[in-house]
$ cat run_37.cif   # mmCIF, C-alpha atoms and all ligand atoms
data_model
loop_
_atom_site.label_atom_id
_atom_site.label_comp_id
_atom_site.auth_asym_id
_atom_site.auth_seq_id
_atom_site.Cartn_x
_atom_site.Cartn_y
_atom_site.Cartn_z
CA MET A 1 6.77 -4.06 -25.62
CA ALA A 2 8.79 -1.43 -23.76
CA PRO A 3 7.10 -0.01 -20.68
CA SER A 4 5.84 3.58 -20.75
CA VAL A 5 8.32 5.62 -18.74
CA PHE A 6 6.89 8.28 -16.43
CA ASP A 7 9.00 10.86 -14.69
CA SER A 8 6.17 13.04 -13.44
CA ILE A 9 3.63 12.23 -10.76
CA ALA A 10 0.83 13.88 -12.76
CA ASP A 11 1.51 11.70 -15.83
CA LEU A 12 1.65 8.53 -13.73
CA ARG A 13 -1.67 9.44 -12.08
CA GLU A 14 -3.28 10.11 -15.44
CA ALA A 15 -2.23 6.68 -16.78
CA VAL A 16 -3.34 4.88 -13.61
CA GLY A 17 -6.65 6.79 -13.68
CA ALA A 18 -7.28 5.68 -17.27
CA TRP A 19 -6.59 2.02 -16.38
CA ARG A 20 -8.97 2.23 -13.44
CA LYS A 21 -11.67 3.68 -15.65
CA ASP A 22 -11.24 0.58 -17.83
CA GLY A 23 -11.79 -1.58 -14.74
CA LEU A 24 -8.16 -2.73 -14.53
CA THR A 25 -6.40 -3.32 -11.21
CA VAL A 26 -2.97 -1.81 -10.58
CA ALA A 27 0.03 -3.45 -8.88
CA LEU A 28 3.09 -1.47 -7.78
CA VAL A 29 6.60 -2.84 -7.22
CA PRO A 30 8.80 -0.21 -5.54
CA THR A 31 12.53 -0.65 -6.22
CA MET A 32 15.78 1.27 -6.29
CA GLY A 33 16.62 -0.18 -9.70
CA ALA A 34 19.69 -2.31 -10.56
CA LEU A 35 17.10 -5.02 -11.06
CA HIS A 36 17.96 -8.66 -10.39
CA GLU A 37 15.94 -11.89 -10.17
CA GLY A 38 14.71 -10.95 -6.66
CA HIS A 39 13.05 -7.86 -8.07
CA MET A 40 11.81 -9.77 -11.11
CA ALA A 41 10.09 -12.36 -8.88
CA LEU A 42 8.11 -9.46 -7.37
CA VAL A 43 7.35 -8.21 -10.88
CA ARG A 44 6.06 -11.64 -11.91
CA ALA A 45 3.89 -11.82 -8.78
CA ALA A 46 2.54 -8.36 -9.63
CA ARG A 47 1.83 -9.40 -13.23
CA ALA A 48 -0.04 -12.47 -11.95
CA HIS A 49 -2.75 -10.12 -10.66
CA GLY A 50 -3.76 -9.70 -14.26
CA GLY A 51 -4.15 -5.91 -14.34
CA ARG A 52 -1.45 -3.32 -14.99
CA THR A 53 1.97 -3.28 -13.31
CA VAL A 54 3.97 -0.20 -12.35
CA VAL A 55 7.60 -0.61 -11.27
CA SER A 56 9.15 2.39 -9.59
CA LEU A 57 12.91 2.90 -9.94
CA PHE A 58 14.14 5.52 -7.52
CA VAL A 59 17.35 5.52 -5.48
CA ASN A 60 15.96 7.24 -2.42
CA PRO A 61 18.58 9.59 -0.93
CA SER A 62 16.74 9.98 2.38
CA GLN A 63 17.31 6.35 3.41
CA PHE A 64 21.10 6.65 3.12
CA ALA A 65 23.23 8.26 5.86
CA PRO A 66 25.86 10.75 4.61
CA ASP A 67 28.63 8.12 5.05
CA GLU A 68 26.70 5.38 3.22
CA ASP A 69 26.79 4.23 -0.40
CA PHE A 70 24.22 6.52 -2.09
CA GLY A 71 26.80 7.74 -4.62
CA LEU A 72 28.12 4.23 -5.32
CA TYR A 73 24.74 2.51 -5.47
CA PRO A 74 24.52 0.68 -8.84
CA ARG A 75 22.35 2.39 -11.45
CA ASN A 76 21.56 0.68 -14.79
CA PRO A 77 18.37 2.27 -16.15
CA ALA A 78 18.80 0.91 -19.70
CA ASP A 79 19.25 -2.68 -18.44
CA ASP A 80 16.36 -2.22 -16.03
CA LEU A 81 14.01 -1.05 -18.77
CA ALA A 82 15.03 -3.98 -20.99
CA LYS A 83 14.21 -6.42 -18.16
CA LEU A 84 10.87 -4.75 -17.54
CA ALA A 85 10.06 -4.88 -21.27
CA GLU A 86 10.85 -8.58 -21.36
CA ALA A 87 8.61 -9.16 -18.33
CA GLY A 88 5.70 -7.32 -19.98
CA VAL A 89 5.53 -4.47 -17.45
CA GLU A 90 3.34 -1.59 -18.65
CA ALA A 91 4.87 1.30 -16.72
CA ALA A 92 8.19 2.35 -15.19
CA PHE A 93 8.06 5.30 -12.79
CA MET A 94 11.46 7.02 -12.73
CA PRO A 95 10.99 10.34 -10.96
CA PRO A 96 13.88 12.76 -10.59
CA THR A 97 14.84 13.46 -6.98
CA ASN A 98 13.26 16.93 -7.02
CA ALA A 99 9.89 15.45 -8.01
CA ILE A 100 9.90 13.37 -4.82
CA TYR A 101 11.62 15.95 -2.61
CA PRO A 102 10.84 19.39 -4.06
CA PRO A 103 12.29 22.51 -2.44
CA GLY A 104 10.61 23.11 0.92
CA PHE A 105 9.85 19.42 1.50
CA ALA A 106 9.48 19.07 5.29
CA THR A 107 7.45 15.96 6.12
CA THR A 108 8.69 12.68 7.56
CA VAL A 109 6.66 9.51 8.07
CA ARG A 110 7.94 7.67 11.14
CA VAL A 111 6.87 4.15 12.06
CA GLU A 112 7.63 3.41 15.70
CA GLY A 113 8.00 0.12 17.57
CA VAL A 114 8.75 -2.38 14.81
CA THR A 115 11.56 -0.15 13.52
CA ASP A 116 13.29 0.34 16.90
CA GLY A 117 15.68 -2.63 16.81
CA LEU A 118 17.70 -4.48 14.15
CA GLU A 119 18.17 -2.21 11.08
CA GLY A 120 16.65 0.70 13.02
CA ALA A 121 19.32 0.42 15.70
CA SER A 122 22.21 0.08 13.21
CA ARG A 123 20.94 2.65 10.68
CA PRO A 124 18.90 5.24 12.63
CA HIS A 125 18.01 7.34 9.54
CA PHE A 126 16.92 4.37 7.43
CA PHE A 127 13.29 3.68 8.27
CA ASP A 128 12.20 7.33 8.26
CA GLY A 129 13.53 7.52 4.70
CA VAL A 130 11.88 4.27 3.66
CA ALA A 131 8.53 5.01 5.33
CA THR A 132 8.39 8.49 3.82
CA VAL A 133 9.20 7.41 0.28
CA VAL A 134 6.96 4.32 0.36
CA THR A 135 4.05 6.44 1.63
CA LYS A 136 4.65 8.92 -1.17
CA LEU A 137 4.91 6.21 -3.85
CA LEU A 138 1.70 4.56 -2.63
CA LEU A 139 -0.15 7.90 -2.66
CA GLN A 140 1.29 8.85 -6.05
CA CYS A 141 0.31 5.57 -7.71
CA LEU A 142 -2.66 4.49 -5.55
CA PRO A 143 -2.23 0.82 -6.49
CA ASP A 144 -4.60 -1.96 -5.42
CA VAL A 145 -1.62 -3.99 -4.31
CA ALA A 146 2.06 -3.29 -3.66
CA LEU A 147 4.68 -6.02 -3.48
CA PHE A 148 7.70 -6.22 -1.17
CA GLY A 149 10.40 -8.86 -0.65
CA GLU A 150 10.96 -10.83 2.54
CA LYS A 151 14.66 -10.17 1.93
CA ASP A 152 14.09 -6.83 3.71
CA TYR A 153 11.89 -8.37 6.35
CA GLN A 154 11.77 -5.51 8.85
CA GLN A 155 10.97 -3.11 6.02
CA LEU A 156 8.03 -5.33 5.04
CA VAL A 157 6.72 -5.30 8.62
CA ALA A 158 7.13 -1.50 8.81
CA VAL A 159 5.31 -1.00 5.49
CA ARG A 160 2.40 -3.18 6.65
CA ARG A 161 2.25 -1.05 9.82
CA LEU A 162 2.22 2.31 8.03
CA VAL A 163 -0.40 1.21 5.50
CA ALA A 164 -2.67 0.07 8.35
CA ASP A 165 -2.00 3.15 10.50
CA LEU A 166 -2.48 5.69 7.70
CA ASP A 167 -5.53 3.90 6.18
CA ILE A 168 -3.85 3.69 2.79
CA PRO A 169 -6.24 1.64 0.64
CA CYS A 170 -3.67 -0.82 -0.70
CA ARG A 171 -2.92 -4.48 0.01
CA ILE A 172 0.68 -5.36 0.80
CA GLU A 173 1.92 -8.67 -0.55
CA ALA A 174 5.21 -10.35 0.33
CA ALA A 175 7.38 -12.63 -1.79
CA PRO A 176 10.06 -15.01 -0.50
CA THR A 177 13.75 -14.18 -0.85
CA VAL A 178 15.33 -15.21 -4.15
CA ARG A 179 18.81 -16.70 -3.74
CA ASP A 180 21.75 -17.70 -5.87
CA ASP A 181 22.35 -21.45 -6.23
CA ASP A 182 24.77 -21.34 -3.29
CA GLY A 183 22.18 -19.70 -1.01
CA LEU A 184 23.35 -16.07 -1.07
CA ALA A 185 20.32 -13.76 -1.13
CA LEU A 186 20.34 -11.69 -4.32
CA SER A 187 21.08 -8.04 -3.62
CA SER A 188 22.23 -5.09 -5.68
CA ARG A 189 24.99 -4.67 -3.09
CA ASN A 190 26.46 -8.14 -3.86
CA ALA A 191 28.21 -6.35 -6.75
CA TYR A 192 30.52 -4.76 -4.15
CA LEU A 193 31.94 -8.14 -3.03
CA SER A 194 35.44 -9.21 -4.11
CA ALA A 195 35.79 -12.75 -5.52
CA GLU A 196 37.04 -14.00 -2.15
CA GLU A 197 34.23 -12.30 -0.23
CA ARG A 198 31.69 -13.69 -2.68
CA ARG A 199 32.95 -17.20 -1.87
CA ALA A 200 32.48 -16.59 1.88
CA ALA A 201 29.12 -14.82 1.61
CA PRO A 202 26.82 -17.91 1.34
CA ARG A 203 27.92 -18.93 4.84
CA LEU A 204 25.50 -16.31 6.18
CA TYR A 205 22.45 -18.17 4.86
CA GLU A 206 23.93 -21.51 5.93
CA VAL A 207 24.37 -20.29 9.51
CA LEU A 208 20.90 -18.69 9.66
CA SER A 209 19.39 -21.94 8.32
CA TRP A 210 20.98 -24.17 10.93
CA MET A 211 20.05 -21.68 13.66
CA ALA A 212 16.42 -21.89 12.44
CA ALA A 213 16.57 -25.70 12.50
CA ALA A 214 17.98 -25.73 16.06
CA LEU A 215 15.27 -23.31 17.22
CA SER A 216 12.54 -25.45 15.61
CA GLU A 217 13.88 -28.39 17.59
CA GLY A 218 13.39 -26.49 20.86
CA GLY A 219 16.78 -24.80 21.27
CA THR A 220 16.96 -21.39 22.96
CA SER A 221 17.69 -18.17 21.13
CA ALA A 222 20.63 -17.46 23.44
CA GLU A 223 22.23 -20.75 22.45
CA ALA A 224 21.49 -20.32 18.74
CA VAL A 225 22.81 -16.74 18.69
CA ALA A 226 25.99 -17.71 20.56
CA ASN A 227 26.70 -20.60 18.16
CA GLY A 228 25.72 -18.53 15.14
CA THR A 229 27.98 -15.63 16.17
CA ALA A 230 30.95 -17.96 16.58
CA ALA A 231 30.29 -19.56 13.19
CA LEU A 232 29.96 -16.21 11.41
CA GLU A 233 33.13 -14.87 13.01
CA GLY A 234 34.93 -18.07 11.98
CA ALA A 235 33.69 -17.63 8.40
CA GLY A 236 35.27 -14.19 8.09
CA PHE A 237 32.35 -11.87 8.86
CA ALA A 238 34.39 -9.24 10.60
CA ARG A 239 31.53 -7.35 12.17
CA ILE A 240 28.02 -8.40 13.13
CA ASP A 241 25.56 -5.51 13.45
CA TYR A 242 22.92 -7.88 14.79
CA LEU A 243 21.94 -11.53 14.88
CA ALA A 244 18.55 -12.01 16.50
CA VAL A 245 15.52 -14.25 16.82
CA CYS A 246 12.27 -12.30 16.66
CA ASN A 247 8.53 -12.86 16.46
CA ALA A 248 7.58 -12.79 12.77
CA GLU A 249 4.80 -10.21 13.21
CA THR A 250 5.92 -7.90 16.01
CA LEU A 251 9.70 -8.40 15.68
CA ALA A 252 9.89 -8.61 19.48
CA PRO A 253 12.84 -10.78 20.56
CA VAL A 254 11.86 -14.31 21.54
CA GLU A 255 13.73 -16.78 23.74
CA ARG A 256 11.94 -19.92 22.55
CA VAL A 257 10.04 -20.21 19.31
CA THR A 258 6.41 -21.05 20.03
CA ALA A 259 4.90 -18.88 17.26
CA PRO A 260 6.19 -18.07 13.73
CA ALA A 261 9.55 -16.31 14.06
CA ARG A 262 12.50 -15.15 11.96
CA VAL A 263 16.24 -15.25 12.46
CA LEU A 264 17.57 -11.93 11.16
CA ALA A 265 21.13 -10.73 10.64
CA ALA A 266 23.21 -7.87 9.30
CA VAL A 267 26.91 -8.59 8.89
CA TRP A 268 29.93 -7.07 7.22
CA LEU A 269 32.26 -8.76 4.76
CA GLY A 270 35.05 -6.25 4.25
CA GLU A 271 33.35 -3.00 3.24
CA THR A 272 30.05 -4.64 2.27
CA ARG A 273 27.08 -4.93 4.59
CA LEU A 274 24.84 -7.94 3.95
CA ILE A 275 21.42 -8.57 5.45
CA ASP A 276 19.41 -11.77 5.40
CA ASN A 277 16.72 -13.58 7.35
CA VAL A 278 14.99 -16.96 7.42
CA PRO A 279 11.70 -18.22 8.84
CA VAL A 280 11.58 -20.42 11.93
CA ILE A 281 8.78 -22.95 12.17
CA PRO A 282 7.52 -23.10 15.77
CA VAL A 283 8.43 -26.10 17.90
CA GLY A 284 5.92 -28.90 17.09
P1 LIG B 301 15.57 -2.54 -3.42
O1 LIG B 301 15.69 -2.22 -4.86
O2 LIG B 301 16.77 -3.20 -2.83
O3 LIG B 301 15.04 -1.40 -2.60
O4 LIG B 301 14.45 -3.66 -3.35
C1 LIG B 301 13.18 -3.48 -3.91
C2 LIG B 301 12.28 -4.61 -3.50
O5 LIG B 301 12.84 -5.85 -3.92
C3 LIG B 301 12.12 -4.72 -1.96
O6 LIG B 301 10.78 -5.06 -1.65
C4 LIG B 301 13.07 -5.83 -1.62
O7 LIG B 301 12.71 -6.53 -0.44
C5 LIG B 301 12.92 -6.73 -2.83
N1 LIG B 301 14.08 -7.62 -2.97
C6 LIG B 301 15.40 -7.26 -3.01
N2 LIG B 301 16.18 -8.35 -3.09
C7 LIG B 301 15.34 -9.43 -3.09
C8 LIG B 301 15.53 -10.85 -3.15
N3 LIG B 301 16.75 -11.39 -3.21
N4 LIG B 301 14.43 -11.63 -3.13
C9 LIG B 301 13.19 -11.09 -3.06
N5 LIG B 301 12.94 -9.77 -3.00
C10 LIG B 301 14.00 -8.95 -3.01
#

$ encode --input "run_37.cif" --output "C-alpha cells" --more "lines below"
Ligand code: AMP
Amino acid sequence: MAPSVFDSIADLREAVGAWRKDGLTVALVPTMGALHEGHMALVRAARAHGGRTVVSLFVNPSQFAPDEDFGLYPRNPADDLAKLAEAGVEAAFMPPTNAIYPPGFATTVRVEGVTDGLEGASRPHFFDGVATVVTKLLLQCLPDVALFGEKDYQQLVAVRRLVADLDIPCRIEAAPTVRDDDGLALSSRNAYLSAEERRAAPRLYEVLSWMAAALSEGGTSAEAVANGTAALEGAGFARIDYLAVCNAETLAPVERVTAPARVLAAVWLGETRLIDNVPVIPVG
C-alpha cells in the first residue's frame, strides 16, 4: 500500500499520536530523498521494530553552502514513494521548505567537539544545518527510534551527541554502509560521476580497507595515512579533503589503534566529492 504523505507538521503529529494511542512504536528514517539501497536498508531496519515507520524526505538547504550542489541534488519523489510503498512504509513526511524554516526562523543547534574536524573542517556550515534539521525532525515526529547510516559516520556521532545533550527521548540506531558489488558506498551523489570516474571510485574503499588492516596489525596512523594518500593520488583522486584515523566514539585522532576506531576520508573525483569510512578492529 502507498504510504500516507504528510506535508504538514500538525498532520504528521496527529497520525503519530493516533498510533501511540494504539500502543504502536514509531521509527523515523530521516533522508534527503533520491532513495537507494542504503536508505532502504535503514527502512528495513526501522520496519523490523514492528510498529509504524515514518521516512522523511527533505533536501535541507541549510546544510549546503551557497557554492554547493543544493540546486543539482537529485530529486525523484515519485520513485521514492514507489520504493516506500514496496517496502511497506506507512508514512512519508515531505514538508515544504517554509514548513521547516518559516519566515523569522532564527535558531541554530550547534554540536561542538565531535564536529570540529573532518567534515566540519571542510564544510563549516554543514553540521549546524544537519543538527538543526535533525533536532526539528525528531521533535516533529517524536519517534521511539531514529535510524542513521554509518556511511555518514561523523553525522551519526553528532546526532548521538545532540540527542543526549538535549534529552530528546529517542534511541538512535546505526546501520552499516551499503555498497555496490565493487565496494563503492551507495550515495545519491554517485549519479554525478562520469563512466570513467565511476570506474576509479571503488579504489577509495579498497584503500581505506587496507589501511584498516594495516592499523589492526599494529601499524601507525602516520604510516597508514601516508601510504593511503599516495595510493589515492595514484588512483586519480585529485584532491583529498581529509584522510584520518579517529577513535570511533570521540572522533579524536589516534596514532595507534588500541580501541575501536574508524578510517575516514573525503576525496574529490573531478567535480564530485565522495566520503567513506571503515571500522578498524583494535590490535589484538
Ligand atoms: P541522505 O539522504 O544522504 O541524507 O541519507 C539519509 C540517511 O541514509 C543517512 O542516515 C545516511 O547515513 C544513510 N545512508 C546514505 N547512504 C547510505 C549507505 N550507502 N549505506 C547506509 N546508509 C546510508

$ residues_near_ligand --input "run_37.cif" --ligand "ligand LIG 301 (chain B)" --cutoff "8 Å" --atoms "all atoms listed in the file" --output "count of residues only"
34

$ atom_distance --input "run_37.cif" --atom1 "CA of Asp180 (chain A)" --atom2 "CA of Tyr192 (chain A)"
15.7 Å

$ closest_residue --input "run_37.cif" --among "A:Val5, A:Leu12, A:Met40, A:Ile281" --to "Glu86 (chain A)" --atoms "all atoms listed in the file"
A:Met40

$ atom_distance --input "run_37.cif" --atom1 "CA of His125 (chain A)" --atom2 "CA of Val111 (chain A)"
11.9 Å

$ atom_distance --input "run_37.cif" --atom1 "CA of Thr108 (chain A)" --atom2 "CA of Asp67 (chain A)"
20.6 Å

$ residues_around --input "run_37.cif" --residues "region 139-144 of chain A" --least-positions-apart "6" --cutoff "10 Å" --atoms "all atoms listed in the file" --output "count of residues only"
30

$ closest_residue --input "run_37.cif" --among "A:Ala191, A:Val134, A:Ala45, A:Val89" --to "Pro74 (chain A)" --atoms "all atoms listed in the file"
A:Ala191

$ decode --input "run_37.cif" --residues "region 103-212 of chain A" --atoms "C-alpha atoms" --output "mmCIF file, in the first residue's frame"
data_model
loop_
_atom_site.group_PDB
_atom_site.id
_atom_site.type_symbol
_atom_site.label_atom_id
_atom_site.label_comp_id
_atom_site.auth_asym_id
_atom_site.auth_seq_id
_atom_site.Cartn_x
_atom_site.Cartn_y
_atom_site.Cartn_z
ATOM 1 C CA PRO A 103 9.767 33.387 7.959
ATOM 2 C CA GLY A 104 11.558 34.655 11.061
ATOM 3 C CA PHE A 105 13.284 31.332 11.755
ATOM 4 C CA ALA A 106 16.349 32.224 13.853
ATOM 5 C CA THR A 107 17.515 29.176 15.822
ATOM 6 C CA THR A 108 20.572 27.024 15.193
ATOM 7 C CA VAL A 109 21.510 23.824 17.000
ATOM 8 C CA ARG A 110 25.293 23.538 17.210
ATOM 9 C CA VAL A 111 27.096 20.408 18.346
ATOM 10 C CA GLU A 112 30.666 21.185 19.359
ATOM 11 C CA GLY A 113 33.722 18.949 19.696
ATOM 12 C CA VAL A 114 32.854 15.933 17.558
ATOM 13 C CA THR A 115 32.001 18.221 14.631
ATOM 14 C CA ASP A 116 35.225 20.270 14.752
ATOM 15 C CA GLY A 117 37.385 18.170 12.403
ATOM 16 C CA LEU A 118 36.826 16.102 9.247
ATOM 17 C CA GLU A 119 33.572 17.219 7.528
ATOM 18 C CA GLY A 120 33.299 20.121 9.984
ATOM 19 C CA ALA A 121 36.675 21.474 8.893
ATOM 20 C CA SER A 122 35.963 21.047 5.154
ATOM 21 C CA ARG A 123 32.311 22.175 5.242
ATOM 22 C CA PRO A 124 31.972 24.666 8.130
ATOM 23 C CA HIS A 125 28.223 25.271 7.589
ATOM 24 C CA PHE A 126 27.325 21.585 7.345
ATOM 25 C CA PHE A 127 26.825 20.320 10.885
ATOM 26 C CA ASP A 128 24.825 23.335 12.084
ATOM 27 C CA GLY A 129 22.408 22.619 9.240
ATOM 28 C CA VAL A 130 22.264 18.899 9.972
ATOM 29 C CA ALA A 131 21.949 19.294 13.754
ATOM 30 C CA THR A 132 19.199 21.884 13.397
ATOM 31 C CA VAL A 133 17.113 19.892 10.927
ATOM 32 C CA VAL A 134 17.578 16.559 12.727
ATOM 33 C CA THR A 135 16.532 18.160 16.029
ATOM 34 C CA LYS A 136 13.459 19.597 14.339
ATOM 35 C CA LEU A 137 12.537 16.292 12.656
ATOM 36 C CA LEU A 138 12.919 14.400 15.945
ATOM 37 C CA LEU A 139 10.734 16.932 17.777
ATOM 38 C CA GLN A 140 8.166 16.991 14.971
ATOM 39 C CA CYS A 141 7.815 13.208 14.823
ATOM 40 C CA LEU A 142 8.817 12.210 18.380
ATOM 41 C CA PRO A 143 9.789 8.684 17.301
ATOM 42 C CA ASP A 144 10.871 5.933 19.708
ATOM 43 C CA VAL A 145 13.841 5.245 17.479
ATOM 44 C CA ALA A 146 15.561 7.041 14.601
ATOM 45 C CA LEU A 147 17.923 5.314 12.209
ATOM 46 C CA PHE A 148 21.098 6.694 10.638
ATOM 47 C CA GLY A 149 23.740 5.181 8.335
ATOM 48 C CA GLU A 150 27.382 4.646 9.225
ATOM 49 C CA LYS A 151 28.105 5.981 5.731
ATOM 50 C CA ASP A 152 27.901 9.463 7.303
ATOM 51 C CA TYR A 153 29.803 8.411 10.383
ATOM 52 C CA GLN A 154 30.574 11.827 11.863
ATOM 53 C CA GLN A 155 26.940 12.823 11.388
ATOM 54 C CA LEU A 156 25.890 9.718 13.349
ATOM 55 C CA VAL A 157 28.250 10.652 16.204
ATOM 56 C CA ALA A 158 26.955 14.250 16.194
ATOM 57 C CA VAL A 159 23.316 13.090 16.251
ATOM 58 C CA ARG A 160 24.002 10.779 19.210
ATOM 59 C CA ARG A 161 25.605 13.756 20.985
ATOM 60 C CA LEU A 162 22.722 16.165 20.391
ATOM 61 C CA VAL A 163 20.076 13.631 21.418
ATOM 62 C CA ALA A 164 21.947 13.003 24.685
ATOM 63 C CA ASP A 165 22.661 16.694 25.320
ATOM 64 C CA LEU A 166 19.115 17.906 24.589
ATOM 65 C CA ASP A 167 17.409 14.986 26.426
ATOM 66 C CA ILE A 168 15.430 14.060 23.328
ATOM 67 C CA PRO A 169 13.596 10.852 24.265
ATOM 68 C CA CYS A 170 14.583 8.827 21.206
ATOM 69 C CA ARG A 171 17.020 5.958 20.636
ATOM 70 C CA ILE A 172 19.490 6.360 17.790
ATOM 71 C CA GLU A 173 20.297 3.216 15.841
ATOM 72 C CA ALA A 174 23.051 2.848 13.250
ATOM 73 C CA ALA A 175 23.181 0.613 10.187
ATOM 74 C CA PRO A 176 26.321 -0.407 8.281
ATOM 75 C CA THR A 177 27.178 1.163 4.938
ATOM 76 C CA VAL A 178 25.585 -0.492 1.916
ATOM 77 C CA ARG A 179 27.957 -0.810 -1.042
ATOM 78 C CA ASP A 180 27.842 -1.693 -4.705
ATOM 79 C CA ASP A 181 29.388 -5.048 -5.654
ATOM 80 C CA ASP A 182 32.702 -3.326 -6.379
ATOM 81 C CA GLY A 183 32.804 -1.719 -2.909
ATOM 82 C CA LEU A 184 31.700 1.836 -3.723
ATOM 83 C CA ALA A 185 29.444 3.128 -0.934
ATOM 84 C CA LEU A 186 25.991 3.907 -2.322
ATOM 85 C CA SER A 187 25.308 7.635 -2.398
ATOM 86 C CA SER A 188 22.855 9.889 -4.174
ATOM 87 C CA ARG A 189 25.901 11.860 -5.346
ATOM 88 C CA ASN A 190 27.336 8.840 -7.236
ATOM 89 C CA ALA A 191 24.946 9.907 -10.021
ATOM 90 C CA TYR A 192 27.316 12.834 -10.704
ATOM 91 C CA LEU A 193 30.227 10.523 -11.651
ATOM 92 C CA SER A 194 31.225 10.080 -15.311
ATOM 93 C CA ALA A 195 31.725 6.486 -16.528
ATOM 94 C CA GLU A 196 35.489 6.843 -16.110
ATOM 95 C CA GLU A 197 35.186 8.321 -12.618
ATOM 96 C CA ARG A 198 32.760 5.573 -11.639
ATOM 97 C CA ARG A 199 35.412 3.001 -12.600
ATOM 98 C CA ALA A 200 38.003 4.723 -10.373
ATOM 99 C CA ALA A 201 35.673 5.366 -7.430
ATOM 100 C CA PRO A 202 35.831 1.896 -5.744
ATOM 101 C CA ARG A 203 39.552 2.459 -5.122
ATOM 102 C CA LEU A 204 38.540 4.663 -2.188
ATOM 103 C CA TYR A 205 37.025 1.748 -0.255
ATOM 104 C CA GLU A 206 39.904 -0.515 -1.282
ATOM 105 C CA VAL A 207 42.469 1.932 0.116
ATOM 106 C CA LEU A 208 40.510 2.535 3.339
ATOM 107 C CA SER A 209 40.187 -1.245 3.808
ATOM 108 C CA TRP A 210 43.885 -1.957 3.507
ATOM 109 C CA MET A 211 44.665 0.988 5.786
ATOM 110 C CA ALA A 212 42.299 -0.549 8.372
#
